[in-house]
Amino acid sequence: MNKKLDYLVELEAEAIYILREVAGQFDRPALLFSGGKDSICLVHLALKAFRPGKFPFPLVHVDTGHNFQEALDYRDNLAKTIGEKLVVRKVEDTIKTKKLQDAKGKFPSRNGLQTYTLLEVIEEFEFDACIGGARRDEEKARAKERIFSVRDEFGQWDPKMQRPELWNIYNGKINKGENVRVFPISNWTELDVWNYIKREKIELPSIYFTHERECVVTEHGQLMCTNEFLQLDGNEEIVTKNVRYRTVGDMTCTAAVESEAYEIDDIITEIKEAKISERGATRMDDRVSEAAMEDRKKGGYF
Amino acid sequence: MDLLRFFTAGNVDDGKSTLIGRLLYDSNSISTDIIETLTRQSKTTGVNSDIDLALLTDGLRAEREQGITIDVAYKYFTTEKRKFIIADTPGHIQYTRNMFTGASNASLAIILVDARNGITDQTKRHSVLCAILGIPNVLVCINKMDLANYSEARYKEIETDYLIFAQQLALKNISFIPASALAGDNVVTRSDKMNWYKGPPLLEFLETIEIVEAKKIEASRFQVQYVIRPQTDELHDYRGFAGKIVSGTYKKGQRVVVLPSGIESEIEKIEINQKEVTVAEANDPVVIHLKDDVDISRGNSIVSIAHLPKTEKEITATICWMDNAAFIPGQKILLQQNSFRTKAIVKEVISKIDIHSFLELQSDGSMKLNDICKVLIKTAEAISFDAYADNRATGAFILVNENTNNTIAAGTIN
């Protein structure tokens with residue numbers, strides 16, 4: 001096949017270009033690594049952008065304490081295999097030092113709390129650019145965000161004051177205290193990510209594939225795996241099903257989907273047939289309001 | 001499967017967002033939970049149908065409240081034939097800069113015209129922007145045909161008007177489609193109400209149009225983004241220049257010139273993902289090694305000796321002013337062309353371009369938000385460039401305010 005006709009080649013080249021712009025324009029960048037498929041792709045792209053050199057940035061993980069063990073193991077193993085620096089900061093510690101109220105409720109999500117830790121780690125290392133795996137197809141506020149998204153010293157996003165972003169010229173000039181969130185795979189869709197993982201034969205944490213799990217059925221019919229962090233009252237419907245995760249976030253806010261997908265090809269077939277969006281199927285945090293993501297971003301969230 | 005990037009432009013009420021919503025909705029690109037949310041929202045804010053398709057692209061709260069598009073929204077969909085990236089850009093004059101942004105990467109423009117109103121000042125303005133940005137394909141979608149009795153005469157009239165206007169712009173590859181985004185006529189499926197129209201409906205048009213990139217010269221262009229120097233024991237002397245091939249091809253053994261220094265050398269090795277290749281072409285993310293130990297840093301160009309770009313400290317360019325604050329004569333600015341950055345100053349505002357007629361008007365030396373002007377820029381370091389008309393990637397730049405760091409203008413070199 002003519003490689004010019006393969007859109008994955010084009011998306012990959014665009015992402016590598018953006019990563020190299022970060023390396024060229026910033027003094028202290030970081031790659032925010034969650035253990036999810038999107039940030040795993042970012043690491044893969046960074047290998048293509050910078051090898052045989054070292055990454056010009058560490059991997060940074062904001063650990064909410066509610067992560068899946070599979071994702072944590074994957075993270076540690078990956079950092080070791082590629083020989084790059086990994087910085088882990090825990091939301092648990094921020095809660096203690098900043099005397100924050102921990103998340104409450106049946107599904108106590110620390111999604112909002114991780115913004116504090118993220119801003120803390122940015123301050124600690126004086127990161128001037130944070131690379132993230134967010135995609136514009138995920139959510140409608142994200143669809144409006146630039147690839148180089150400037151945040152003020154409070155990490156806030158001001159959607160009305162965004163810099164125009166033209167051609168592939170990225171303006172990373174900032175004042176002291178500000179930082180830039182950079183999204184190299186902005187233009188990828190969920191399906192693009194999976195097709196890329198397949199093409200590049202990228203290893204993933206096992207929870208992306210079907211496995212048997214005990215789950216609580218939420219009031220919206222979502223499947224939340226039972227775990228020590230949930231505050232169940234004993235009246236919930238508990239089921240055991242073959243499930244997998246479409247996104248890997250916290251155990252307290254990421255739902256599993258029923259699936260028989262053993263391999264990447266099965267997942268791709270499932271996604272093509274899926275009638276529900278990625279975040280809609282799996283994220284409880286976006287259900288809060290129509291503008292939940294916009295509001296979180298304005299507050300410093302990724 | 002290839003990728004088509006296009007953008008939509010039109011008046012505030014021409015139904016752009018509805019058209020995109022219709023494309024996504026009728027091509028089954030919208031998930032049920034999103035439709036559910038839309039249905040809920042449409043009940044509170046929607047105006048004209050069961051589902052207000054415009055709400056799909058208006059992602060910000062202020063946009064939903066005001067029922068207008070403020071910023072560029074990117075949307076994605078895929079058919080059996082192609083992957084599409086849509087930049088939905090605002091039509092209102094105060095958001096011209098956002099339209100410029102959405103259009104800069106596109107290879108096709110869809111300009112919406114309300115069949116009742118015909119060609120308006122905004123249609124002209126959007127077309128002028130397409131001409132300045134060198135958009136290789138323009139599709140004029142004559143929308144709201146349902147409100148013009150699906151009249152062929154009306155369609156022909158608008159088509160003729162537009163072609164007369166477009167002559168002076170030297171736009172290439174102009175096509176026309178009569179449609180109704182709201183009713184779904186000629187969007188995804190062929191309309192049975194306009195049998196006089198023999199062309200394809202919009203989606204088929206998008207799937208089959210040949211993507212013509214107006215790259216007249218295929219001269220080899222490459223700019224260094226980052227220098228890779230592992231400095232390990234086994235790779236002690238490794239010094240690779242990482243970047244993207246902008247245009248043309250590069251081969252092992254090729255004679256090249258480093259700019260702006262003008263030093264000649266030869267390509268010793270080209271790597272992609274650590275594998276050596278003999279030839280690399282446009283868009284490839286490469287690491288280039290030169291035979292000689294030349295001093296090269298980020299922003300320098302490595303070009304073919306056979307076809308050199310211009311390297312000068314003075315350029316004339318057409319720029320769109322994008323800052324809320326007006327231009328201050330003598331203002332020190334930064335000019336950025338891909339990875340190359342230099343201090344610069346606008347020495348003269350030569351003329352102001354009337355964005356409705358494309359005529360050059362006499363300038364009073366001022367530039368304010370959304371103005372398009374021809375200017376003379378002096379740079380501190382020499383810039384290597386091609387005319388934008390010859391090479392979109394080496395002929396484009398942005399201007400940055402050194403004090404606020406904002407992007408204050410976008411320019412194309414004449």
# chains A, B, ... in the order shown; residues from 1 in each chain; ligands from 1

call {"tool": "residues_around", "arguments": {"residues": "A:Ile18", "least_positions_apart": "6", "cutoff": "9 Å", "atoms": "only C-alpha atoms", "output": "list in words"}}
result
Ile147, Asn168, Tyr170, Val182, Phe183 and Pro184 of chain A

call {"tool": "interface_residues", "arguments": {"of": "chain B", "to": "chain A", "cutoff": "7 Å", "atoms": "only C-alpha atoms", "output": "JSON, numbers by chain"}}
result
{"B": [1, 2, 3, 31, 32, 33, 59, 60, 61, 71, 72, 73, 74, 75, 76, 97, 98, 101, 104, 105, 225, 226, 228, 229, 230, 243, 244, 273, 274, 283, 284, 285, 337, 338, 405, 406, 407]}

call {"tool": "write_last_selection", "arguments": {"atoms": "N, CA and C atoms", "output": "short mmCIF file (atom, residue, chain, number, x, y, z; two decimals), in the first residue's frame"}}
result
data_model
loop_
_atom_site.label_atom_id
_atom_site.label_comp_id
_atom_site.auth_asym_id
_atom_site.auth_seq_id
_atom_site.Cartn_x
_atom_site.Cartn_y
_atom_site.Cartn_z
N MET B 1 -6.54 3.74 3.28
CA MET B 1 -7.51 4.80 3.53
C MET B 1 -6.76 6.10 3.83
N ASP B 2 -7.16 7.18 3.16
CA ASP B 2 -6.45 8.43 3.40
C ASP B 2 -7.27 9.38 4.27
N LEU B 3 -6.72 10.56 4.47
CA LEU B 3 -7.26 11.51 5.44
C LEU B 3 -7.57 12.82 4.73
N SER B 31 -22.76 8.39 18.85
CA SER B 31 -23.17 7.31 19.75
C SER B 31 -24.50 7.63 20.43
N THR B 32 -25.15 6.58 20.88
CA THR B 32 -26.49 6.76 21.44
C THR B 32 -26.51 7.63 22.69
N ASP B 33 -25.46 7.55 23.51
CA ASP B 33 -25.49 8.36 24.74
C ASP B 33 -25.38 9.84 24.40
N GLY B 59 -19.43 23.06 21.74
CA GLY B 59 -19.00 22.33 22.93
C GLY B 59 -18.88 23.15 24.20
N LEU B 60 -18.87 24.46 24.07
CA LEU B 60 -18.69 25.28 25.25
C LEU B 60 -20.04 25.79 25.74
N ARG B 61 -20.12 26.00 27.05
CA ARG B 61 -21.38 26.41 27.65
C ARG B 61 -21.88 27.72 27.01
N ASP B 71 -15.58 29.15 18.94
CA ASP B 71 -14.24 28.68 18.66
C ASP B 71 -14.29 27.53 17.66
N VAL B 72 -13.13 27.20 17.14
CA VAL B 72 -13.04 26.07 16.23
C VAL B 72 -13.35 24.79 17.00
N ALA B 73 -14.24 23.97 16.47
CA ALA B 73 -14.47 22.66 17.07
C ALA B 73 -14.00 21.62 16.07
N TYR B 74 -13.25 20.66 16.54
CA TYR B 74 -12.79 19.61 15.64
C TYR B 74 -13.67 18.39 15.81
N LYS B 75 -14.08 17.83 14.69
CA LYS B 75 -14.91 16.63 14.72
C LYS B 75 -14.30 15.60 13.78
N TYR B 76 -14.55 14.35 14.09
CA TYR B 76 -13.91 13.27 13.35
C TYR B 76 -14.94 12.27 12.90
N ARG B 97 -10.27 35.35 13.15
CA ARG B 97 -9.01 34.70 13.50
C ARG B 97 -9.21 33.20 13.76
N ASN B 98 -10.36 32.85 14.35
CA ASN B 98 -10.62 31.43 14.60
C ASN B 98 -10.82 30.69 13.29
N THR B 101 -7.56 30.05 11.79
CA THR B 101 -6.96 28.92 12.49
C THR B 101 -7.46 27.59 11.95
N SER B 104 -6.24 26.87 8.27
CA SER B 104 -4.83 26.83 7.90
C SER B 104 -4.35 25.43 7.51
N ASN B 105 -4.92 24.40 8.10
CA ASN B 105 -4.48 23.04 7.80
C ASN B 105 -5.36 22.31 6.80
N GLN B 225 14.24 20.31 14.25
CA GLN B 225 13.42 20.58 15.42
C GLN B 225 14.22 20.40 16.70
N TYR B 226 15.12 19.41 16.66
CA TYR B 226 15.76 18.98 17.90
C TYR B 226 17.01 18.18 17.53
N ILE B 228 19.52 15.27 18.42
CA ILE B 228 19.63 14.08 19.29
C ILE B 228 21.10 13.76 19.52
N ARG B 229 21.51 13.81 20.78
CA ARG B 229 22.89 13.52 21.14
C ARG B 229 22.87 12.65 22.39
N PRO B 230 22.91 11.32 22.22
CA PRO B 230 22.79 10.42 23.37
C PRO B 230 23.96 10.56 24.35
N GLY B 243 13.67 16.01 12.75
CA GLY B 243 12.67 16.93 12.22
C GLY B 243 11.80 16.22 11.22
N LYS B 244 10.93 16.99 10.59
CA LYS B 244 10.00 16.41 9.62
C LYS B 244 10.38 16.92 8.23
N ASN B 273 12.75 6.06 12.91
CA ASN B 273 12.58 5.11 14.00
C ASN B 273 13.81 4.21 14.15
N GLN B 274 14.98 4.81 14.13
CA GLN B 274 16.27 4.14 14.33
C GLN B 274 16.66 3.17 13.22
N ASN B 283 6.72 14.62 4.90
CA ASN B 283 5.98 14.19 6.08
C ASN B 283 6.70 13.14 6.93
N ASP B 284 7.76 12.53 6.42
CA ASP B 284 8.47 11.52 7.21
C ASP B 284 9.17 12.17 8.41
N PRO B 285 8.98 11.58 9.62
CA PRO B 285 9.73 12.07 10.78
C PRO B 285 11.11 11.41 10.79
N GLN B 337 8.48 30.51 12.17
CA GLN B 337 8.15 29.76 10.95
C GLN B 337 8.52 28.33 11.26
N ASN B 338 7.53 27.47 11.46
CA ASN B 338 7.75 26.11 11.95
C ASN B 338 8.61 26.16 13.22
N ASN B 405 3.37 37.11 24.96
CA ASN B 405 3.57 35.78 24.36
C ASN B 405 2.39 35.30 23.53
N ASN B 406 1.42 36.15 23.33
CA ASN B 406 0.28 35.75 22.51
C ASN B 406 0.64 35.72 21.03
N THR B 407 -0.06 34.84 20.31
CA THR B 407 0.06 34.84 18.85
C THR B 407 -0.77 36.01 18.35
#

call {"tool": "atom_distance", "arguments": {"atom1": "atom CA of B:Ala410", "atom2": "atom CA of B:Met322"}}
result
7.4 Å

call {"tool": "residues_around", "arguments": {"residues": "stretch 201-207 of chain A", "least_positions_apart": "5", "cutoff": "9 Å", "atoms": "only C-alpha atoms", "output": "NGL selection string"}}
result
:A and (35-37 or 40-41 or 44 or 68 or 70-71 or 73-75 or 196 or 243-246 or 248)

call {"tool": "residues_around", "arguments": {"residues": "A:Ile264", "least_positions_apart": "3", "cutoff": "10 Å", "atoms": "only C-alpha atoms", "output": "ChimeraX atom specification"}}
result
/A:194-195,197-198,201,204,208-209,261,267-270

call {"tool": "write_last_selection", "arguments": {"atoms": "C-alpha atoms", "output": "short mmCIF file (atom, residue, chain, number, x, y, z; two decimals), in the first residue's frame"}}
result
data_model
loop_
_atom_site.label_atom_id
_atom_site.label_comp_id
_atom_site.auth_asym_id
_atom_site.auth_seq_id
_atom_site.Cartn_x
_atom_site.Cartn_y
_atom_site.Cartn_z
CA TRP A 194 -6.59 0.78 18.65
CA ASN A 195 -5.59 0.46 15.02
CA ILE A 197 -1.74 -0.35 18.87
CA LYS A 198 -2.45 -3.23 16.53
CA LYS A 201 2.09 -4.43 18.28
CA LEU A 204 -1.20 -3.27 27.02
CA TYR A 208 -8.09 -4.02 28.40
CA PHE A 209 -8.95 -7.57 27.41
CA ALA A 261 -12.67 -9.52 23.29
CA ILE A 267 -11.72 -5.00 20.42
CA ILE A 268 -11.62 -3.20 17.07
CA THR A 269 -14.71 -5.09 15.95
CA GLU A 270 -16.45 -4.21 19.20
#

call {"tool": "residues_around", "arguments": {"residues": "stretch 180-186 of chain B", "least_positions_apart": "6", "cutoff": "6 Å", "atoms": "only C-alpha atoms", "output": "ChimeraX atom specification"}}
result
/B:19,143-145,201

call {"tool": "select_by_dssp", "arguments": {"residues": "stretch 77-186 of chain B", "states": "strand (DSSP E)", "output": "list in words"}}
result
Phe77, Thr78, Arg82, Lys83, Phe84, Ile85, Ile86, Ala87, Asp88, Leu108, Ala109, Ile110, Ile111, Leu112, Val113, Asp114, Val138, Leu139, Val140, Cys141, Ile142, Asn143, Ile174, Ser175, Phe176, Ile177 and Pro178 of chain B

call {"tool": "write_last_selection", "arguments": {"atoms": "N, CA and C atoms", "output": "PDB file, in the first residue's frame"}}
result
ATOM      1  N   PHE B  77     -14.846  11.839  11.695  1.00  0.00           N
ATOM      2  CA  PHE B  77     -15.658  10.685  11.311  1.00  0.00           C
ATOM      3  C   PHE B  77     -14.977   9.926  10.185  1.00  0.00           C
ATOM      4  N   THR B  78     -15.371   8.679  10.081  1.00  0.00           N
ATOM      5  CA  THR B  78     -14.731   7.793   9.125  1.00  0.00           C
ATOM      6  C   THR B  78     -15.800   7.065   8.347  1.00  0.00           C
ATOM      7  N   ARG B  82     -12.792   6.968   3.621  1.00  0.00           N
ATOM      8  CA  ARG B  82     -11.892   7.999   4.096  1.00  0.00           C
ATOM      9  C   ARG B  82     -12.069   8.307   5.564  1.00  0.00           C
ATOM     10  N   LYS B  83     -10.993   8.856   6.147  1.00  0.00           N
ATOM     11  CA  LYS B  83     -11.123   9.434   7.483  1.00  0.00           C
ATOM     12  C   LYS B  83     -11.178  10.946   7.294  1.00  0.00           C
ATOM     13  N   PHE B  84     -12.065  11.590   8.067  1.00  0.00           N
ATOM     14  CA  PHE B  84     -12.241  13.027   7.918  1.00  0.00           C
ATOM     15  C   PHE B  84     -11.960  13.755   9.230  1.00  0.00           C
ATOM     16  N   ILE B  85     -11.287  14.892   9.108  1.00  0.00           N
ATOM     17  CA  ILE B  85     -11.161  15.795  10.246  1.00  0.00           C
ATOM     18  C   ILE B  85     -11.831  17.098   9.829  1.00  0.00           C
ATOM     19  N   ILE B  86     -12.860  17.459  10.585  1.00  0.00           N
ATOM     20  CA  ILE B  86     -13.594  18.683  10.266  1.00  0.00           C
ATOM     21  C   ILE B  86     -13.224  19.761  11.273  1.00  0.00           C
ATOM     22  N   ALA B  87     -12.901  20.939  10.775  1.00  0.00           N
ATOM     23  CA  ALA B  87     -12.768  22.098  11.654  1.00  0.00           C
ATOM     24  C   ALA B  87     -14.017  22.931  11.426  1.00  0.00           C
ATOM     25  N   ASP B  88     -14.870  22.979  12.437  1.00  0.00           N
ATOM     26  CA  ASP B  88     -16.079  23.791  12.337  1.00  0.00           C
ATOM     27  C   ASP B  88     -15.713  25.170  12.859  1.00  0.00           C
ATOM     28  N   LEU B 108      -9.605  21.446   1.959  1.00  0.00           N
ATOM     29  CA  LEU B 108     -10.886  21.748   1.316  1.00  0.00           C
ATOM     30  C   LEU B 108     -11.677  22.703   2.211  1.00  0.00           C
ATOM     31  N   ALA B 109     -12.318  23.682   1.568  1.00  0.00           N
ATOM     32  CA  ALA B 109     -13.199  24.587   2.295  1.00  0.00           C
ATOM     33  C   ALA B 109     -14.625  24.328   1.848  1.00  0.00           C
ATOM     34  N   ILE B 110     -15.540  24.251   2.824  1.00  0.00           N
ATOM     35  CA  ILE B 110     -16.959  24.231   2.465  1.00  0.00           C
ATOM     36  C   ILE B 110     -17.522  25.587   2.870  1.00  0.00           C
ATOM     37  N   ILE B 111     -17.923  26.363   1.883  1.00  0.00           N
ATOM     38  CA  ILE B 111     -18.500  27.669   2.170  1.00  0.00           C
ATOM     39  C   ILE B 111     -20.009  27.552   2.034  1.00  0.00           C
ATOM     40  N   LEU B 112     -20.698  27.849   3.130  1.00  0.00           N
ATOM     41  CA  LEU B 112     -22.151  27.735   3.095  1.00  0.00           C
ATOM     42  C   LEU B 112     -22.792  29.044   2.673  1.00  0.00           C
ATOM     43  N   VAL B 113     -23.781  28.903   1.815  1.00  0.00           N
ATOM     44  CA  VAL B 113     -24.518  30.074   1.369  1.00  0.00           C
ATOM     45  C   VAL B 113     -25.994  29.780   1.609  1.00  0.00           C
ATOM     46  N   ASP B 114     -26.691  30.742   2.201  1.00  0.00           N
ATOM     47  CA  ASP B 114     -28.127  30.597   2.401  1.00  0.00           C
ATOM     48  C   ASP B 114     -28.810  30.894   1.069  1.00  0.00           C
ATOM     49  N   VAL B 138     -12.409  24.365  -3.137  1.00  0.00           N
ATOM     50  CA  VAL B 138     -13.500  25.098  -2.495  1.00  0.00           C
ATOM     51  C   VAL B 138     -14.832  24.515  -2.946  1.00  0.00           C
ATOM     52  N   LEU B 139     -15.663  24.179  -1.960  1.00  0.00           N
ATOM     53  CA  LEU B 139     -17.006  23.704  -2.275  1.00  0.00           C
ATOM     54  C   LEU B 139     -18.006  24.730  -1.750  1.00  0.00           C
ATOM     55  N   VAL B 140     -18.823  25.256  -2.643  1.00  0.00           N
ATOM     56  CA  VAL B 140     -19.870  26.178  -2.220  1.00  0.00           C
ATOM     57  C   VAL B 140     -21.133  25.353  -2.034  1.00  0.00           C
ATOM     58  N   CYS B 141     -21.566  25.263  -0.787  1.00  0.00           N
ATOM     59  CA  CYS B 141     -22.754  24.476  -0.495  1.00  0.00           C
ATOM     60  C   CYS B 141     -23.922  25.442  -0.350  1.00  0.00           C
ATOM     61  N   ILE B 142     -24.831  25.402  -1.302  1.00  0.00           N
ATOM     62  CA  ILE B 142     -25.976  26.314  -1.270  1.00  0.00           C
ATOM     63  C   ILE B 142     -27.061  25.649  -0.444  1.00  0.00           C
ATOM     64  N   ASN B 143     -27.166  26.128   0.789  1.00  0.00           N
ATOM     65  CA  ASN B 143     -27.978  25.468   1.810  1.00  0.00           C
ATOM     66  C   ASN B 143     -29.363  26.113   1.909  1.00  0.00           C
ATOM     67  N   ILE B 174     -13.378  24.954  -7.882  1.00  0.00           N
ATOM     68  CA  ILE B 174     -14.609  25.348  -7.200  1.00  0.00           C
ATOM     69  C   ILE B 174     -15.746  24.412  -7.618  1.00  0.00           C
ATOM     70  N   SER B 175     -16.473  23.887  -6.626  1.00  0.00           N
ATOM     71  CA  SER B 175     -17.626  23.027  -6.916  1.00  0.00           C
ATOM     72  C   SER B 175     -18.850  23.578  -6.202  1.00  0.00           C
ATOM     73  N   PHE B 176     -20.028  23.142  -6.623  1.00  0.00           N
ATOM     74  CA  PHE B 176     -21.284  23.605  -6.017  1.00  0.00           C
ATOM     75  C   PHE B 176     -22.203  22.427  -5.720  1.00  0.00           C
ATOM     76  N   ILE B 177     -22.877  22.493  -4.577  1.00  0.00           N
ATOM     77  CA  ILE B 177     -23.903  21.487  -4.252  1.00  0.00           C
ATOM     78  C   ILE B 177     -25.114  22.203  -3.647  1.00  0.00           C
ATOM     79  N   PRO B 178     -26.323  21.943  -4.168  1.00  0.00           N
ATOM     80  CA  PRO B 178     -27.522  22.479  -3.527  1.00  0.00           C
ATOM     81  C   PRO B 178     -27.964  21.513  -2.432  1.00  0.00           C
TER      82      PRO B 178
END
